[in-house]
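entry-v4.cif follows (mmCIF, C-alpha atoms, pLDDT in the B column; chains and numbers go by the auth columns):
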data_start
loop_
_atom_site.group_PDB
_atom_site.id
_atom_site.type_symbol
_atom_site.label_atom_id
_atom_site.label_comp_id
_atom_site.label_asym_id
_atom_site.label_seq_id
_atom_site.Cartn_x
_atom_site.Cartn_y
_atom_site.Cartn_z
_atom_site.B_iso_or_equiv
_atom_site.auth_seq_id
_atom_site.auth_asym_id
ATOM 1 C CA MET A 1 47.285 -30.142 -61.908 50.00 1 A
ATOM 2 C CA PRO A 2 50.190 -32.414 -60.825 47.00 2 A
ATOM 3 C CA LYS A 3 49.171 -35.798 -59.489 43.00 3 A
ATOM 4 C CA HIS A 4 50.501 -35.175 -55.976 42.00 4 A
ATOM 5 C CA MET A 5 48.624 -31.848 -55.767 44.00 5 A
ATOM 6 C CA ALA A 6 45.404 -33.489 -56.878 46.00 6 A
ATOM 7 C CA GLU A 7 45.801 -36.204 -54.249 44.00 7 A
ATOM 8 C CA LEU A 8 46.505 -33.580 -51.579 38.00 8 A
ATOM 9 C CA THR A 9 43.393 -31.624 -52.539 46.00 9 A
ATOM 10 C CA LYS A 10 41.310 -34.799 -52.457 43.00 10 A
ATOM 11 C CA ALA A 11 42.679 -35.747 -49.041 38.00 11 A
ATOM 12 C CA ARG A 12 41.874 -32.326 -47.635 43.00 12 A
ATOM 13 C CA ALA A 13 38.342 -32.473 -49.002 45.00 13 A
ATOM 14 C CA LEU A 14 37.845 -35.945 -47.513 38.00 14 A
ATOM 15 C CA ALA A 15 39.178 -34.818 -44.129 38.00 15 A
ATOM 16 C CA ALA A 16 36.888 -31.817 -44.156 42.00 16 A
ATOM 17 C CA SER A 17 33.898 -33.999 -44.974 41.00 17 A
ATOM 18 C CA GLU A 18 34.647 -36.213 -42.005 36.00 18 A
ATOM 19 C CA GLN A 19 34.732 -33.308 -39.485 39.00 19 A
ATOM 20 C CA PRO A 20 31.564 -32.984 -37.367 40.00 20 A
ATOM 21 C CA ARG A 21 29.295 -30.292 -38.635 43.00 21 A
ATOM 22 C CA ARG A 22 28.860 -27.247 -36.397 41.00 22 A
ATOM 23 C CA GLY A 23 25.418 -25.872 -35.746 42.00 23 A
ATOM 24 C CA ARG A 24 24.531 -22.428 -36.969 50.00 24 A
ATOM 25 C CA GLY A 25 25.402 -19.554 -34.679 50.00 25 A
ATOM 26 C CA ARG A 26 27.377 -19.554 -31.491 57.00 26 A
ATOM 27 C CA PRO A 27 26.628 -22.089 -28.769 53.00 27 A
ATOM 28 C CA GLN A 28 24.714 -20.670 -25.810 58.00 28 A
ATOM 29 C CA LEU A 29 27.262 -20.070 -23.068 74.00 29 A
ATOM 30 C CA ARG A 30 24.814 -19.185 -20.291 82.00 30 A
ATOM 31 C CA SER A 31 21.188 -19.753 -19.430 92.00 31 A
ATOM 32 C CA ASP A 32 18.406 -17.240 -20.003 93.00 32 A
ATOM 33 C CA GLU A 33 18.138 -16.835 -16.224 93.00 33 A
ATOM 34 C CA GLU A 34 21.810 -15.833 -16.005 95.00 34 A
ATOM 35 C CA THR A 35 21.387 -13.469 -18.957 96.00 35 A
ATOM 36 C CA ARG A 36 18.377 -11.830 -17.291 96.00 36 A
ATOM 37 C CA ALA A 37 20.434 -11.200 -14.148 95.00 37 A
ATOM 38 C CA ILE A 38 23.052 -9.421 -16.282 96.00 38 A
ATOM 39 C CA ILE A 39 20.298 -7.430 -18.032 97.00 39 A
ATOM 40 C CA PHE A 40 18.773 -6.304 -14.726 96.00 40 A
ATOM 41 C CA GLU A 41 22.121 -5.022 -13.473 95.00 41 A
ATOM 42 C CA ALA A 42 22.744 -3.224 -16.772 96.00 42 A
ATOM 43 C CA ALA A 43 19.240 -1.730 -16.641 96.00 43 A
ATOM 44 C CA ARG A 44 19.782 -0.515 -13.081 94.00 44 A
ATOM 45 C CA GLN A 45 22.982 1.238 -14.138 93.00 45 A
ATOM 46 C CA GLU A 46 21.346 2.703 -17.235 94.00 46 A
ATOM 47 C CA PHE A 47 18.298 4.040 -15.364 94.00 47 A
ATOM 48 C CA ALA A 48 20.528 5.499 -12.624 90.00 48 A
ATOM 49 C CA SER A 49 22.799 7.305 -15.080 91.00 49 A
ATOM 50 C CA SER A 50 20.374 8.306 -17.847 94.00 50 A
ATOM 51 C CA GLY A 51 16.977 8.374 -16.149 94.00 51 A
ATOM 52 C CA TYR A 52 13.914 6.572 -17.435 95.00 52 A
ATOM 53 C CA ALA A 53 13.238 8.894 -20.373 95.00 53 A
ATOM 54 C CA GLY A 54 16.886 8.890 -21.474 95.00 54 A
ATOM 55 C CA SER A 55 17.287 5.118 -21.319 95.00 55 A
ATOM 56 C CA ASN A 56 16.594 2.751 -24.172 95.00 56 A
ATOM 57 C CA MET A 57 16.812 -0.946 -24.908 96.00 57 A
ATOM 58 C CA GLU A 58 19.849 -0.580 -27.161 96.00 58 A
ATOM 59 C CA CYS A 59 21.894 1.099 -24.412 96.00 59 A
ATOM 60 C CA VAL A 60 20.957 -1.630 -21.932 97.00 60 A
ATOM 61 C CA ALA A 61 21.940 -4.317 -24.425 97.00 61 A
ATOM 62 C CA ARG A 62 25.278 -2.621 -24.936 96.00 62 A
ATOM 63 C CA ARG A 63 25.900 -2.367 -21.184 96.00 63 A
ATOM 64 C CA ALA A 64 24.935 -6.025 -20.769 96.00 64 A
ATOM 65 C CA GLY A 65 27.207 -7.108 -23.619 95.00 65 A
ATOM 66 C CA ILE A 66 24.423 -8.839 -25.512 96.00 66 A
ATOM 67 C CA SER A 67 22.660 -8.292 -28.818 95.00 67 A
ATOM 68 C CA THR A 68 19.430 -6.323 -29.000 96.00 68 A
ATOM 69 C CA LYS A 69 17.859 -9.429 -30.538 96.00 69 A
ATOM 70 C CA THR A 70 18.636 -11.404 -27.385 96.00 70 A
ATOM 71 C CA LEU A 71 17.352 -8.584 -25.182 96.00 71 A
ATOM 72 C CA TYR A 72 14.037 -8.301 -27.038 96.00 72 A
ATOM 73 C CA ARG A 73 13.653 -12.091 -26.968 96.00 73 A
ATOM 74 C CA LEU A 74 13.820 -12.060 -23.170 96.00 74 A
ATOM 75 C CA ILE A 75 12.184 -8.702 -22.385 97.00 75 A
ATOM 76 C CA PRO A 76 9.767 -7.045 -24.836 96.00 76 A
ATOM 77 C CA ASN A 77 10.106 -3.349 -23.931 96.00 77 A
ATOM 78 C CA LYS A 78 11.482 -0.773 -21.497 96.00 78 A
ATOM 79 C CA ALA A 79 8.447 -0.769 -19.195 95.00 79 A
ATOM 80 C CA ALA A 80 8.606 -4.552 -18.856 96.00 80 A
ATOM 81 C CA MET A 81 12.339 -4.316 -18.184 96.00 81 A
ATOM 82 C CA PHE A 82 11.805 -1.784 -15.381 96.00 82 A
ATOM 83 C CA GLU A 83 9.119 -3.942 -13.770 96.00 83 A
ATOM 84 C CA ALA A 84 11.192 -7.120 -14.101 95.00 84 A
ATOM 85 C CA MET A 85 14.246 -5.400 -12.613 95.00 85 A
ATOM 86 C CA VAL A 86 12.294 -4.178 -9.560 94.00 86 A
ATOM 87 C CA THR A 87 10.561 -7.537 -9.140 94.00 87 A
ATOM 88 C CA ASP A 88 13.863 -9.406 -9.302 93.00 88 A
ATOM 89 C CA ARG A 89 15.338 -7.220 -6.537 89.00 89 A
ATOM 90 C CA LEU A 90 12.327 -7.904 -4.318 90.00 90 A
ATOM 91 C CA ASP A 91 12.419 -11.630 -5.085 91.00 91 A
ATOM 92 C CA GLN A 92 15.890 -11.728 -3.567 87.00 92 A
ATOM 93 C CA PHE A 93 14.635 -9.841 -0.510 87.00 93 A
ATOM 94 C CA VAL A 94 11.651 -12.156 -0.040 84.00 94 A
ATOM 95 C CA ALA A 95 13.917 -15.191 -0.273 84.00 95 A
ATOM 96 C CA LYS A 96 16.151 -13.817 2.489 81.00 96 A
ATOM 97 C CA ILE A 97 13.217 -13.132 4.808 74.00 97 A
ATOM 98 C CA ARG A 98 11.827 -16.623 4.264 66.00 98 A
ATOM 99 C CA LEU A 99 15.172 -18.202 5.040 53.00 99 A
ATOM 100 C CA ARG A 100 15.363 -16.589 8.487 63.00 100 A
ATOM 101 C CA PRO A 101 12.424 -17.731 10.597 60.00 101 A
ATOM 102 C CA CYS A 102 12.597 -17.513 14.357 66.00 102 A
ATOM 103 C CA GLN A 103 14.426 -20.457 15.889 67.00 103 A
ATOM 104 C CA GLY A 104 12.832 -21.728 19.089 66.00 104 A
ATOM 105 C CA ALA A 105 11.429 -18.975 21.301 69.00 105 A
ATOM 106 C CA GLU A 106 14.124 -16.350 20.645 84.00 106 A
ATOM 107 C CA ILE A 107 12.008 -13.756 18.904 90.00 107 A
ATOM 108 C CA GLU A 108 14.320 -10.775 19.565 92.00 108 A
ATOM 109 C CA PRO A 109 17.385 -11.925 17.565 90.00 109 A
ATOM 110 C CA ALA A 110 15.101 -13.198 14.798 90.00 110 A
ATOM 111 C CA LEU A 111 13.322 -9.839 14.569 93.00 111 A
ATOM 112 C CA LYS A 112 16.644 -7.982 14.553 93.00 112 A
ATOM 113 C CA GLN A 113 17.860 -10.167 11.697 91.00 113 A
ATOM 114 C CA ALA A 114 14.633 -9.617 9.727 92.00 114 A
ATOM 115 C CA LEU A 115 14.935 -5.844 10.208 94.00 115 A
ATOM 116 C CA LEU A 116 18.565 -5.929 9.106 94.00 116 A
ATOM 117 C CA VAL A 117 17.525 -7.585 5.841 92.00 117 A
ATOM 118 C CA CYS A 118 14.835 -4.910 5.408 94.00 118 A
ATOM 119 C CA ALA A 119 17.350 -2.144 6.075 94.00 119 A
ATOM 120 C CA GLU A 120 19.805 -3.590 3.571 92.00 120 A
ATOM 121 C CA LEU A 121 17.056 -3.376 0.965 92.00 121 A
ATOM 122 C CA VAL A 122 15.436 -0.027 1.792 93.00 122 A
ATOM 123 C CA LEU A 123 18.581 1.862 2.822 94.00 123 A
ATOM 124 C CA ASN A 124 20.628 0.759 -0.145 92.00 124 A
ATOM 125 C CA SER A 125 22.392 3.249 -2.437 92.00 125 A
ATOM 126 C CA ASP A 126 21.124 1.555 -5.617 90.00 126 A
ATOM 127 C CA VAL A 127 17.539 1.562 -4.358 91.00 127 A
ATOM 128 C CA VAL A 128 17.778 5.208 -3.262 92.00 128 A
ATOM 129 C CA ALA A 129 19.130 6.162 -6.708 91.00 129 A
ATOM 130 C CA LEU A 130 16.217 4.329 -8.315 92.00 130 A
ATOM 131 C CA GLN A 131 13.729 6.119 -6.057 93.00 131 A
ATOM 132 C CA ARG A 132 15.224 9.481 -6.999 93.00 132 A
ATOM 133 C CA MET A 133 14.755 8.611 -10.652 94.00 133 A
ATOM 134 C CA VAL A 134 11.150 7.514 -10.064 95.00 134 A
ATOM 135 C CA LEU A 135 10.324 10.712 -8.162 93.00 135 A
ATOM 136 C CA ALA A 136 11.947 12.899 -10.816 93.00 136 A
ATOM 137 C CA GLU A 137 10.095 11.298 -13.727 96.00 137 A
ATOM 138 C CA SER A 138 6.825 10.064 -12.219 94.00 138 A
ATOM 139 C CA GLU A 139 4.867 13.048 -13.553 94.00 139 A
ATOM 140 C CA ASN A 140 5.732 12.157 -17.147 95.00 140 A
ATOM 141 C CA PHE A 141 5.785 8.403 -16.542 96.00 141 A
ATOM 142 C CA PRO A 142 3.214 7.662 -13.806 96.00 142 A
ATOM 143 C CA GLU A 143 3.386 3.968 -14.642 96.00 143 A
ATOM 144 C CA ILE A 144 6.898 3.636 -13.206 95.00 144 A
ATOM 145 C CA ALA A 145 5.748 5.147 -9.892 96.00 145 A
ATOM 146 C CA GLN A 146 2.820 2.732 -9.795 96.00 146 A
ATOM 147 C CA THR A 147 5.122 -0.176 -10.605 95.00 147 A
ATOM 148 C CA PHE A 148 7.624 0.819 -7.933 95.00 148 A
ATOM 149 C CA TYR A 149 4.897 1.273 -5.323 95.00 149 A
ATOM 150 C CA ALA A 150 3.236 -2.068 -6.053 95.00 150 A
ATOM 151 C CA LYS A 151 6.287 -4.213 -6.763 93.00 151 A
ATOM 152 C CA ALA A 152 8.710 -2.695 -4.248 93.00 152 A
ATOM 153 C CA MET A 153 7.153 -0.602 -1.489 94.00 153 A
ATOM 154 C CA ARG A 154 3.946 -2.546 -0.864 95.00 154 A
ATOM 155 C CA ARG A 155 5.634 -5.882 -1.359 93.00 155 A
ATOM 156 C CA THR A 156 8.289 -5.006 1.224 94.00 156 A
ATOM 157 C CA VAL A 157 5.602 -4.301 3.812 95.00 157 A
ATOM 158 C CA ALA A 158 3.676 -7.448 2.863 94.00 158 A
ATOM 159 C CA THR A 159 6.782 -9.606 3.176 93.00 159 A
ATOM 160 C CA LEU A 160 7.569 -8.355 6.674 94.00 160 A
ATOM 161 C CA ALA A 161 3.873 -8.659 7.602 95.00 161 A
ATOM 162 C CA ASN A 162 3.905 -12.306 6.543 93.00 162 A
ATOM 163 C CA TRP A 163 6.967 -12.887 8.719 92.00 163 A
ATOM 164 C CA LEU A 164 5.197 -11.295 11.703 94.00 164 A
ATOM 165 C CA ARG A 165 2.080 -13.330 11.014 93.00 165 A
ATOM 166 C CA VAL A 166 4.054 -16.575 11.157 90.00 166 A
ATOM 167 C CA GLU A 167 5.604 -15.604 14.498 91.00 167 A
ATOM 168 C CA GLU A 168 2.181 -14.605 15.820 92.00 168 A
ATOM 169 C CA ASP A 169 0.761 -17.979 14.809 90.00 169 A
ATOM 170 C CA ARG A 170 3.584 -19.587 16.775 88.00 170 A
ATOM 171 C CA GLY A 171 2.562 -17.582 19.841 89.00 171 A
ATOM 172 C CA LEU A 172 5.776 -15.541 20.064 90.00 172 A
ATOM 173 C CA ILE A 173 4.220 -12.110 19.479 92.00 173 A
ATOM 174 C CA ALA A 174 0.735 -10.643 19.607 93.00 174 A
ATOM 175 C CA VAL A 175 -0.190 -8.010 17.028 93.00 175 A
ATOM 176 C CA GLU A 176 -3.700 -6.977 16.086 93.00 176 A
ATOM 177 C CA ASP A 177 -2.855 -6.306 12.438 96.00 177 A
ATOM 178 C CA PRO A 178 0.473 -7.634 11.059 96.00 178 A
ATOM 179 C CA GLU A 179 0.203 -5.420 7.971 96.00 179 A
ATOM 180 C CA ILE A 180 -0.081 -2.225 10.027 97.00 180 A
ATOM 181 C CA ALA A 181 2.582 -3.448 12.449 97.00 181 A
ATOM 182 C CA ALA A 182 4.975 -4.107 9.558 97.00 182 A
ATOM 183 C CA GLY A 183 4.415 -0.600 8.195 97.00 183 A
ATOM 184 C CA ILE A 184 5.092 0.927 11.625 96.00 184 A
ATOM 185 C CA LEU A 185 8.250 -1.145 12.025 96.00 185 A
ATOM 186 C CA LEU A 186 9.588 -0.143 8.614 96.00 186 A
ATOM 187 C CA GLY A 187 8.725 3.475 9.346 96.00 187 A
ATOM 188 C CA MET A 188 10.689 3.416 12.619 96.00 188 A
ATOM 189 C CA LEU A 189 13.564 1.684 10.924 97.00 189 A
ATOM 190 C CA ALA A 190 13.974 3.605 7.695 96.00 190 A
ATOM 191 C CA PHE A 191 11.891 6.786 7.476 95.00 191 A
ATOM 192 C CA GLU A 192 14.291 9.266 9.100 96.00 192 A
ATOM 193 C CA PRO A 193 17.592 8.013 7.586 96.00 193 A
ATOM 194 C CA HIS A 194 15.905 7.602 4.210 95.00 194 A
ATOM 195 C CA ARG A 195 14.527 11.148 4.318 94.00 195 A
ATOM 196 C CA ALA A 196 17.914 12.499 5.410 95.00 196 A
ATOM 197 C CA THR A 197 19.546 10.815 2.405 95.00 197 A
ATOM 198 C CA MET A 198 16.888 11.673 -0.160 92.00 198 A
ATOM 199 C CA PHE A 199 16.389 15.330 0.750 92.00 199 A
ATOM 200 C CA GLY A 200 19.252 16.266 3.061 91.00 200 A
ATOM 201 C CA ARG A 201 21.918 14.586 0.943 89.00 201 A
ATOM 202 C CA LYS A 202 23.217 12.835 4.049 94.00 202 A
ATOM 203 C CA PRO A 203 25.141 9.561 3.684 95.00 203 A
ATOM 204 C CA LEU A 204 23.263 6.328 4.247 95.00 204 A
ATOM 205 C CA PRO A 205 23.843 4.838 7.704 95.00 205 A
ATOM 206 C CA GLY A 206 26.653 2.330 8.067 94.00 206 A
ATOM 207 C CA ARG A 207 26.358 -1.116 9.603 94.00 207 A
ATOM 208 C CA LYS A 208 27.081 0.066 13.170 96.00 208 A
ATOM 209 C CA ASP A 209 24.445 2.810 13.009 96.00 209 A
ATOM 210 C CA LEU A 210 21.952 0.398 11.468 96.00 210 A
ATOM 211 C CA GLU A 211 22.473 -2.144 14.226 96.00 211 A
ATOM 212 C CA LYS A 212 21.930 0.545 16.871 97.00 212 A
ATOM 213 C CA ARG A 213 18.738 1.700 15.193 97.00 213 A
ATOM 214 C CA ILE A 214 17.514 -1.877 14.786 97.00 214 A
ATOM 215 C CA GLN A 215 18.069 -2.547 18.499 97.00 215 A
ATOM 216 C CA ILE A 216 15.975 0.497 19.431 96.00 216 A
ATOM 217 C CA CYS A 217 13.201 -0.500 16.992 96.00 217 A
ATOM 218 C CA THR A 218 13.197 -4.056 18.334 96.00 218 A
ATOM 219 C CA ASP A 219 13.017 -2.882 21.965 95.00 219 A
ATOM 220 C CA LEU A 220 10.163 -0.490 21.218 95.00 220 A
ATOM 221 C CA PHE A 221 8.246 -3.086 19.243 95.00 221 A
ATOM 222 C CA LEU A 222 8.642 -5.946 21.714 93.00 222 A
ATOM 223 C CA HIS A 223 8.743 -4.085 25.040 91.00 223 A
ATOM 224 C CA GLY A 224 7.255 -0.621 24.472 88.00 224 A
ATOM 225 C CA ALA A 225 8.500 2.621 25.978 83.00 225 A
ATOM 226 C CA MET A 226 6.759 2.564 29.362 78.00 226 A
ATOM 227 C CA ALA A 227 9.112 3.477 32.219 75.00 227 A
ATOM 228 C CA ASN A 228 9.545 0.843 34.920 68.00 228 A
ATOM 229 C CA GLY A 229 7.129 1.233 37.775 56.00 229 A
ATOM 230 C CA VAL A 230 4.779 3.596 35.974 56.00 230 A
ATOM 231 C CA ALA A 231 1.256 2.300 35.933 53.00 231 A
ATOM 232 C CA PRO A 232 -0.630 2.562 32.635 54.00 232 A
ATOM 233 C CA ARG A 233 -3.418 5.121 32.400 54.00 233 A
ATOM 234 C CA PRO A 234 -6.944 3.788 32.973 55.00 234 A
#

Written form, structure tokens:
Amino acid sequence: MPKHMAELTKARALAASEQPRRGRGRPQLRSDEETRAIIFEAARQEFASSGYAGSNMECVARRAGISTKTLYRLIPNKAAMFEAMVTDRLDQFVAKIRLRPCQGAEIEPALKQALLVCAELVLNSDVVALQRMVLAESENFPEIAQTFYAKAMRRTVATLANWLRVEEDRGLIAVEDPEIAAGILLGMLAFEPHRATMFGRKPLPGRKDLEKRIQICTDLFLHGAMANGVAPRP
């Protein structure tokens, strides 16, 4: 080898040895929490399009743009993924309710805002699609119905009940049983439009219709339906 070529080779080797060594694998570009959020959205899409039986971890990983190794590191199986996805959605709902307590003595606007948050959760196209999937496959997979009932339906009622309980403790409302009252409120708010969408294939109500319904629910809950001047029955 010519002298100048040998010197060039030596120089390149020396330069390479002085470069900082890179760690194995790619650097982590996002946190596990951020990756979970992407997984939950991918899982929601996969369950909505393929159903529970037709979904699998590999398809969710592909939708999320991650490796199956990463997915299994964060979530062990499909059942755990379904539960985590539902729980995450409700965590966001609970956070919104907690951030909107009644200010001062104005219970009516605070209740209307709380019911709007509930409506945005219950009367949501993604949630309705998930409920359809649960109903369709609950006979073969009863665990997903149990998970949805405990982690979504019951938790929604409990969250609103806790909100009512706080306002009762502040002396702004008087309810004998906040849990029952919350169930009645949610029933007034969502039962009919939800049933119309699920079984009548009607569109979900828009914001204007929701606000009208929320006003009626709030008036009934806070003021009742007794006509002015009519004495209550003994």

Please write the residues picked by the PyMOL selection byres ((chain A and resi 219) around 12) on this file as a PDB file with C-alpha atoms, keeping the file's coordinate frame.
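Now in expr.pdb:
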ATOM      1  CA  ILE A 107      12.008 -13.756  18.904  1.00 90.00           C
ATOM      2  CA  GLU A 108      14.320 -10.775  19.565  1.00 92.00           C
ATOM      3  CA  PRO A 109      17.385 -11.925  17.565  1.00 90.00           C
ATOM      4  CA  LEU A 111      13.322  -9.839  14.569  1.00 93.00           C
ATOM      5  CA  LYS A 112      16.644  -7.982  14.553  1.00 93.00           C
ATOM      6  CA  LEU A 185       8.250  -1.145  12.025  1.00 96.00           C
ATOM      7  CA  MET A 188      10.689   3.416  12.619  1.00 96.00           C
ATOM      8  CA  LEU A 189      13.564   1.684  10.924  1.00 97.00           C
ATOM      9  CA  LYS A 212      21.930   0.545  16.871  1.00 97.00           C
ATOM     10  CA  ARG A 213      18.738   1.700  15.193  1.00 97.00           C
ATOM     11  CA  ILE A 214      17.514  -1.877  14.786  1.00 97.00           C
ATOM     12  CA  GLN A 215      18.069  -2.547  18.499  1.00 97.00           C
ATOM     13  CA  ILE A 216      15.975   0.497  19.431  1.00 96.00           C
ATOM     14  CA  CYS A 217      13.201  -0.500  16.992  1.00 96.00           C
ATOM     15  CA  THR A 218      13.197  -4.056  18.334  1.00 96.00           C
ATOM     16  CA  LEU A 220      10.163  -0.490  21.218  1.00 95.00           C
ATOM     17  CA  PHE A 221       8.246  -3.086  19.243  1.00 95.00           C
ATOM     18  CA  LEU A 222       8.642  -5.946  21.714  1.00 93.00           C
ATOM     19  CA  HIS A 223       8.743  -4.085  25.040  1.00 91.00           C
ATOM     20  CA  GLY A 224       7.255  -0.621  24.472  1.00 88.00           C
ATOM     21  CA  ALA A 225       8.500   2.621  25.978  1.00 83.00           C
ATOM     22  CA  MET A 226       6.759   2.564  29.362  1.00 78.00           C
TER      23      MET A 226
END

Excluding range 113-120 of chain A and any residue of its chain fewer than 6 positions from it, enumerate the residues within 8 Å of it, using only C-alpha atoms, and give them as a PyMOL selection string. chain A and resi 93+96-97+100+156+160+186+189-190+210-211+214

Which protein, DNA or RNA residues are at most 9 Å from (18.2, -3.8, -8.9) in the file's coordinates when you count all atoms listed in the file, listed as a ChimeraX atom specification? /A:40-41,43-45,85-90,126-127,130

Identify, on the basis of all atoms listed in the file, every residue whose closest approach to Leu74 in chain A does not exceed 8 Å; exclude the query and any residue fewer than 3 positions from it along the same chain; express the result as a VMD selection string. chain A and resid 32 36 70 to 71

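Checking A:Gly183, A:Gly171, A:Gly51, A:Pro178 one by one against Phe141 in chain A, counting all atoms listed in the file, you find the shortest gap at A:Gly51.
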
Which residue, A:Ala158, A:Val128, A:Met133, A:Val166, has the smallest gap to Ala196 in chain A when you use all atoms listed in the file?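 Distance minimum relative to Ala196 in chain A lands on A:Val128.
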
Find the smallest box with edges along x, y and z containing every listed atom of range 50-68 of chain A, then add 8 Å on each side and report centre and edge lengths in Å to one decimal, as AutoDock Vina command-line options.
--center_x 20.2 --center_y 0.0 --center_z -22.6 --size_x 30.0 --size_y 33.7 --size_z 28.9

Point out the residue among A:Arg154, A:Thr159, A:Ala37, A:Gln146 with the least atom-to-atom distance to Ala84 in chain A, counting all atoms listed in the file.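 Once distances to Ala84 in chain A are computed over all atoms listed in the file, the minimum belongs to A:Ala37.
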
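Our summary of the geometry notes that CA of Val134 in chain A is positioned 23.6 Å from CA of Ala182 in chain A.
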
Expected selection from the PyMOL selection byres ((chain A and resi 56-59) around 9), given as an MDAnalysis selection string: chainID A and resid 42:43 46 52:55 60:64 67:68 71:72 77:78 81

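Note that the spacing between CA of Ile66 in chain A and CA of Ile144 in chain A amounts to 24.8 Å.
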
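Atom pair CA of Pro205 in chain A / CA of Leu121 in chain A: separated by 12.6 Å.
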
All heavy atoms restored at range 46-52 of chain A, emitted as an mmCIF file, in the coordinates of the input:
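New file out-v7.cif:
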data_model
loop_
_atom_site.group_PDB
_atom_site.id
_atom_site.type_symbol
_atom_site.label_atom_id
_atom_site.label_comp_id
_atom_site.auth_asym_id
_atom_site.auth_seq_id
_atom_site.Cartn_x
_atom_site.Cartn_y
_atom_site.Cartn_z
ATOM 1 N N GLU A 46 21.815 1.803 -16.183
ATOM 2 C CA GLU A 46 21.346 2.703 -17.235
ATOM 3 C C GLU A 46 20.292 3.673 -16.707
ATOM 4 O O GLU A 46 20.344 4.877 -16.971
ATOM 5 C CB GLU A 46 20.781 1.896 -18.404
ATOM 6 C CG GLU A 46 20.269 2.725 -19.566
ATOM 7 C CD GLU A 46 21.369 3.521 -20.261
ATOM 8 O OE1 GLU A 46 22.563 3.177 -20.106
ATOM 9 O OE2 GLU A 46 21.035 4.504 -20.943
ATOM 10 N N PHE A 47 19.330 3.169 -15.931
ATOM 11 C CA PHE A 47 18.298 4.040 -15.364
ATOM 12 C C PHE A 47 18.916 5.052 -14.397
ATOM 13 O O PHE A 47 18.512 6.212 -14.365
ATOM 14 C CB PHE A 47 17.237 3.214 -14.638
ATOM 15 C CG PHE A 47 16.317 2.459 -15.549
ATOM 16 C CD1 PHE A 47 16.001 1.126 -15.292
ATOM 17 C CD2 PHE A 47 15.749 3.061 -16.659
ATOM 18 C CE1 PHE A 47 15.144 0.423 -16.116
ATOM 19 C CE2 PHE A 47 14.893 2.362 -17.504
ATOM 20 C CZ PHE A 47 14.591 1.036 -17.227
ATOM 21 N N ALA A 48 19.904 4.607 -13.601
ATOM 22 C CA ALA A 48 20.528 5.499 -12.624
ATOM 23 C C ALA A 48 21.314 6.614 -13.314
ATOM 24 O O ALA A 48 21.330 7.752 -12.844
ATOM 25 C CB ALA A 48 21.443 4.705 -11.690
ATOM 26 N N SER A 49 21.951 6.308 -14.419
ATOM 27 C CA SER A 49 22.799 7.305 -15.080
ATOM 28 C C SER A 49 22.042 8.160 -16.091
ATOM 29 O O SER A 49 22.356 9.346 -16.265
ATOM 30 C CB SER A 49 23.970 6.609 -15.790
ATOM 31 O OG SER A 49 23.503 5.766 -16.835
ATOM 32 N N SER A 50 21.046 7.587 -16.761
ATOM 33 C CA SER A 50 20.374 8.306 -17.847
ATOM 34 C C SER A 50 18.924 8.664 -17.544
ATOM 35 O O SER A 50 18.299 9.394 -18.318
ATOM 36 C CB SER A 50 20.415 7.463 -19.139
ATOM 37 O OG SER A 50 21.745 7.141 -19.479
ATOM 38 N N GLY A 51 18.389 8.155 -16.429
ATOM 39 C CA GLY A 51 16.977 8.374 -16.149
ATOM 40 C C GLY A 51 16.109 7.451 -16.986
ATOM 41 O O GLY A 51 16.595 6.749 -17.879
ATOM 42 N N TYR A 52 14.814 7.456 -16.694
ATOM 43 C CA TYR A 52 13.914 6.572 -17.435
ATOM 44 C C TYR A 52 13.722 7.061 -18.864
ATOM 45 O O TYR A 52 13.828 6.288 -19.821
ATOM 46 C CB TYR A 52 12.566 6.480 -16.720
ATOM 47 C CG TYR A 52 11.654 5.430 -17.294
ATOM 48 C CD1 TYR A 52 11.807 4.092 -16.939
ATOM 49 C CD2 TYR A 52 10.645 5.763 -18.196
ATOM 50 C CE1 TYR A 52 10.960 3.114 -17.470
ATOM 51 C CE2 TYR A 52 9.804 4.806 -18.720
ATOM 52 C CZ TYR A 52 9.976 3.475 -18.364
ATOM 53 O OH TYR A 52 9.157 2.508 -18.897
#
